[in-house]
Structures are given as structure tokens and as C-alpha cells.
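Reading through the C-alpha cells given below for one structure.
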Amino acid sequence: MANYTGQVPDIAARPLDWMERAVCLDEREIFDDPSREHEARIVCVARCPVRSQCLAYTKETERGLHRDQRDGVAAGLTYDERHRLDDTAQHRQDDGDPIRLDGTERCGTHLALVRHLWLDEPIDSKCWSGEVYREHGNRRQRTANAPDPEPLPKRTAS
Ligand code: SF4
Ligand SMILES: [Zn+2]
């Protein structure tokens, strides 16, 4: 048995196993560019095999944080959406309204898409459509050069 040294193992600095399969590691130019949020969301939903693990980790590590303390897209959700969906988060007057999901969100709307993403529900083709992208926020980012959403991704076991 090893002698107790009083040192805490440096697990915080070690990536979790699933992180090695995070597609965003190879797509930093997309995820580091705030004007490419919609592309980052597509990468998360259409290509990342560890979105569920990422979602659980993100919820845990960001729990209660204000939007200013969050960054970028994670698990397919923007930092603003994650802040508004987190019912433990602090809200200031000039923040967007909290999003309170009650299960009545209609598929094909932005609210239904964020519910699927936040609750790790399957995403149907109605929600995974160009309409959902066009409907929500930051329309200026939806440039003519932006790619159309990819076909509905298949869920992959991880
Ligand atoms: S789901 Fe998470 S781990 Fe996967 S690409 Fe998106 S941010 Fe990265
Ligand atoms: Zn839906």
C-alpha cells in the first residue's frame, strides 16, 4: 500500500475518456468563432458520438453559472441557451428570459429543439430542419455561405 503523501491526485487536469472522442477537438476554428454557432451546433448533433456525456458534464460543471461565465457551444446548445435553461442560474435584468420547459413545446420550433438537446431526447426531423435554424436568434449569422443542416443524425451508442 502506498504511503499517504497528503497530495491530491491531479485528476482535474486529466481528460475524461469520452473527451478523447469529442469532435470539437478537431474543429476548434468553428467552436472558437462566435459567428459560427450554428455550424458548431450541427457538429455536435450530426457528428459527435459523445454528446450525451458532454451534456451531462456541461450541466454539472456549469450549474448555477451566469451567462457571462459560460462560453461557446456545448452539447449542441449555445452558452446563452444553457444559461436560460439552467433553473439554478443567476439572472440579471438585462439577460434573456429563463426558458422553462413543460413538455408542450411543439416540434419544429426552436423551443422544442432546445428541449430535445437539454433533456437528451431523440431529435426528430421536424426539429432538425433549416426552419429551426432560421427561426431562432442571430439571423445575421445565417449567411448565404452557411451550410444547410445535415441529414438527421443517427444516434450512436457510446
Ligand atoms: S457535443 Fe460536446 S464534445 Fe461533442 S462536439 Fe459538441 S461540444 Fe464537443
Ligand atoms: Zn422535435
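Following the order of the C-alpha cells, first chain is A, next is B, and so on, with residues numbered from 1 inside each chain and ligands from 1 in the order they appear.
For ligand 1, the neighbouring polymer residues at 7 Å or closer are Met19, Ala22, Val23, Cys24, Leu25, Arg41, Val43, Cys44, Val45, Cys48, Pro49, Val50, Arg51, Cys54, Leu55, Val73, Ala74, Ala75 and Gly76 of chain A, only C-alpha atoms and all ligand atoms being used.
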Let's have the selection written as a tab-separated table (two decimals), in the first residue's frame, with C-alpha atoms.
```tsv
chain	number	residue	atom	x	y	z
A	19	MET	CA	-13.35	13.64	-24.20
A	22	ALA	CA	-15.05	14.86	-28.78
A	23	VAL	CA	-15.32	16.01	-32.38
A	24	CYS	CA	-14.88	19.65	-31.38
A	25	LEU	CA	-11.22	18.94	-30.61
A	41	ARG	CA	-24.42	23.06	-33.20
A	43	VAL	CA	-21.18	19.39	-35.50
A	44	CYS	CA	-22.45	18.45	-32.03
A	45	VAL	CA	-25.73	16.99	-33.21
A	48	CYS	CA	-20.31	13.89	-32.18
A	49	PRO	CA	-20.59	10.40	-30.64
A	50	VAL	CA	-20.25	11.70	-27.07
A	51	ARG	CA	-22.92	14.39	-26.96
A	54	CYS	CA	-20.77	16.16	-22.92
A	55	LEU	CA	-24.26	17.30	-21.95
A	73	VAL	CA	-21.47	25.93	-27.93
A	74	ALA	CA	-21.51	22.71	-25.89
A	75	ALA	CA	-23.64	19.63	-26.48
A	76	GLY	CA	-25.39	21.50	-29.29
```
Next on the checklist: Please return as a ChimeraX atom specification the residues found within 7 Å of ligand 2, counting only C-alpha atoms and all ligand atoms.
Outcome noted: /A:106-108,112-113,116,123-124,126-127
Output N, CA and C atoms for every residue in the selection just made, as an mmCIF file, in the first residue's frame.
```cif
data_model
loop_
_atom_site.group_PDB
_atom_site.id
_atom_site.type_symbol
_atom_site.label_atom_id
_atom_site.label_comp_id
_atom_site.auth_asym_id
_atom_site.auth_seq_id
_atom_site.Cartn_x
_atom_site.Cartn_y
_atom_site.Cartn_z
ATOM 1 N N ARG A 106 -43.716 22.591 -29.225
ATOM 2 C CA ARG A 106 -44.156 21.987 -30.482
ATOM 3 C C ARG A 106 -42.959 21.690 -31.374
ATOM 4 N N CYS A 107 -42.861 20.455 -31.846
ATOM 5 C CA CYS A 107 -41.740 20.087 -32.713
ATOM 6 C C CYS A 107 -41.715 20.980 -33.954
ATOM 7 N N GLY A 108 -40.508 21.342 -34.341
ATOM 8 C CA GLY A 108 -40.357 22.263 -35.452
ATOM 9 C C GLY A 108 -40.105 23.684 -34.989
ATOM 10 N N ALA A 112 -38.633 23.488 -28.965
ATOM 11 C CA ALA A 112 -38.626 22.019 -28.966
ATOM 12 C C ALA A 112 -37.214 21.502 -29.217
ATOM 13 N N LEU A 113 -36.492 22.157 -30.101
ATOM 14 C CA LEU A 113 -35.123 21.712 -30.373
ATOM 15 C C LEU A 113 -34.273 21.819 -29.103
ATOM 16 N N HIS A 116 -35.137 19.040 -26.698
ATOM 17 C CA HIS A 116 -34.511 17.760 -27.075
ATOM 18 C C HIS A 116 -33.033 17.746 -26.673
ATOM 19 N N ILE A 123 -33.847 13.578 -31.530
ATOM 20 C CA ILE A 123 -34.229 14.772 -32.287
ATOM 21 C C ILE A 123 -34.902 14.335 -33.589
ATOM 22 N N ASP A 124 -36.146 14.701 -33.745
ATOM 23 C CA ASP A 124 -36.929 14.308 -34.910
ATOM 24 C C ASP A 124 -36.591 15.217 -36.091
ATOM 25 N N LYS A 126 -38.437 17.052 -37.863
ATOM 26 C CA LYS A 126 -39.097 18.358 -37.846
ATOM 27 C C LYS A 126 -38.244 19.384 -37.099
ATOM 28 N N CYS A 127 -37.678 18.947 -36.014
ATOM 29 C CA CYS A 127 -36.839 19.851 -35.232
ATOM 30 C C CYS A 127 -35.461 20.035 -35.880
#
```
Item to check | Residue contacts of segment 57-67 of chain A (9 Å, only C-alpha atoms) excluding same-chain residues fewer than 3 positions away, as a PyMOL selection string | outcome: chain A and resi 52-54+70-71+74-75+79-84+86-92+95+118
For the residues in that selection, give me N, CA and C atoms as a short mmCIF file (atom, residue, chain, number, x, y, z; two decimals), in the first residue's frame.
```cif
data_model
loop_
_atom_site.label_atom_id
_atom_site.label_comp_id
_atom_site.auth_asym_id
_atom_site.auth_seq_id
_atom_site.Cartn_x
_atom_site.Cartn_y
_atom_site.Cartn_z
N SER A 52 -24.07 12.98 -25.35
CA SER A 52 -24.75 12.73 -24.06
C SER A 52 -23.79 12.94 -22.89
N GLN A 53 -22.59 12.41 -23.02
CA GLN A 53 -21.61 12.59 -21.95
C GLN A 53 -21.24 14.06 -21.80
N CYS A 54 -21.10 14.73 -22.94
CA CYS A 54 -20.77 16.16 -22.92
C CYS A 54 -21.88 16.95 -22.25
N ARG A 70 -20.11 31.46 -19.00
CA ARG A 70 -20.20 30.32 -19.91
C ARG A 70 -19.63 30.74 -21.26
N ASP A 71 -19.32 29.75 -22.07
CA ASP A 71 -18.66 30.09 -23.31
C ASP A 71 -19.07 29.14 -24.44
N ALA A 74 -21.84 24.01 -26.50
CA ALA A 74 -21.51 22.71 -25.89
C ALA A 74 -22.74 21.83 -25.97
N ALA A 75 -22.54 20.60 -26.36
CA ALA A 75 -23.64 19.63 -26.48
C ALA A 75 -24.75 20.16 -27.38
N TYR A 79 -24.12 29.08 -25.25
CA TYR A 79 -23.95 29.46 -23.84
C TYR A 79 -25.18 30.19 -23.33
N ASP A 80 -25.80 30.97 -24.21
CA ASP A 80 -27.00 31.72 -23.81
C ASP A 80 -28.17 30.76 -23.54
N GLU A 81 -28.33 29.79 -24.41
CA GLU A 81 -29.41 28.80 -24.20
C GLU A 81 -29.17 28.02 -22.92
N ARG A 82 -27.93 27.61 -22.67
CA ARG A 82 -27.64 26.82 -21.46
C ARG A 82 -27.92 27.63 -20.21
N HIS A 83 -27.59 28.90 -20.28
CA HIS A 83 -27.87 29.76 -19.13
C HIS A 83 -29.36 29.89 -18.89
N ARG A 84 -30.10 30.10 -19.95
CA ARG A 84 -31.54 30.32 -19.81
C ARG A 84 -32.27 29.03 -19.42
N ASP A 86 -30.94 26.65 -17.42
CA ASP A 86 -30.49 26.20 -16.10
C ASP A 86 -31.29 26.92 -15.02
N ASP A 87 -32.18 26.19 -14.37
CA ASP A 87 -33.06 26.87 -13.40
C ASP A 87 -32.35 27.17 -12.09
N THR A 88 -31.07 26.83 -11.99
CA THR A 88 -30.31 27.21 -10.79
C THR A 88 -29.45 28.44 -11.07
N ALA A 89 -29.45 28.93 -12.30
CA ALA A 89 -28.55 30.03 -12.68
C ALA A 89 -29.07 31.38 -12.21
N GLN A 90 -28.13 32.24 -11.94
CA GLN A 90 -28.46 33.62 -11.60
C GLN A 90 -28.88 34.37 -12.86
N HIS A 91 -29.88 35.22 -12.73
CA HIS A 91 -30.31 36.02 -13.88
C HIS A 91 -30.31 37.49 -13.52
N ARG A 92 -29.80 38.30 -14.44
CA ARG A 92 -29.84 39.75 -14.26
C ARG A 92 -30.93 40.31 -15.14
N ASP A 95 -30.60 40.08 -18.92
CA ASP A 95 -30.44 38.75 -19.54
C ASP A 95 -31.71 38.37 -20.28
N TRP A 118 -31.43 19.68 -24.41
CA TRP A 118 -31.19 19.83 -22.96
C TRP A 118 -31.56 18.57 -22.19
#
```
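What separates atom CA of Asp102 of chain A from atom CA of Arg115 of chain A is a distance of 9.2 Å.
Closest approach to Val114 of chain A from the set A:Asp94, A:Phe31, A:Leu16, A:Leu77 is made by A:Leu77, with distances taken over only C-alpha atoms.
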Item to check | Distance in Å - atom CA of Gly72 of chain A versus atom CA of Arg36 of chain A | outcome: 9.6 Å
Checklist entry - Which parts of segment 21-146 of chain A does DSSP call helix (DSSP H, G or I) when run on the backbone here, written out as a PyMOL selection string? => result chain A and resi 21+23-26+28-31+34-47+51-62+67-69+79-85+110-118+130-135+139-141
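What separates atom CA of Asp32 of chain A from atom CA of Thr78 of chain A is a distance of 12.3 Å.
The nearest approach to Glu27 of chain A among the residues A:Arg47, A:Leu85, A:His110, A:Pro15, with only C-alpha atoms taken into account, belongs to A:Arg47.
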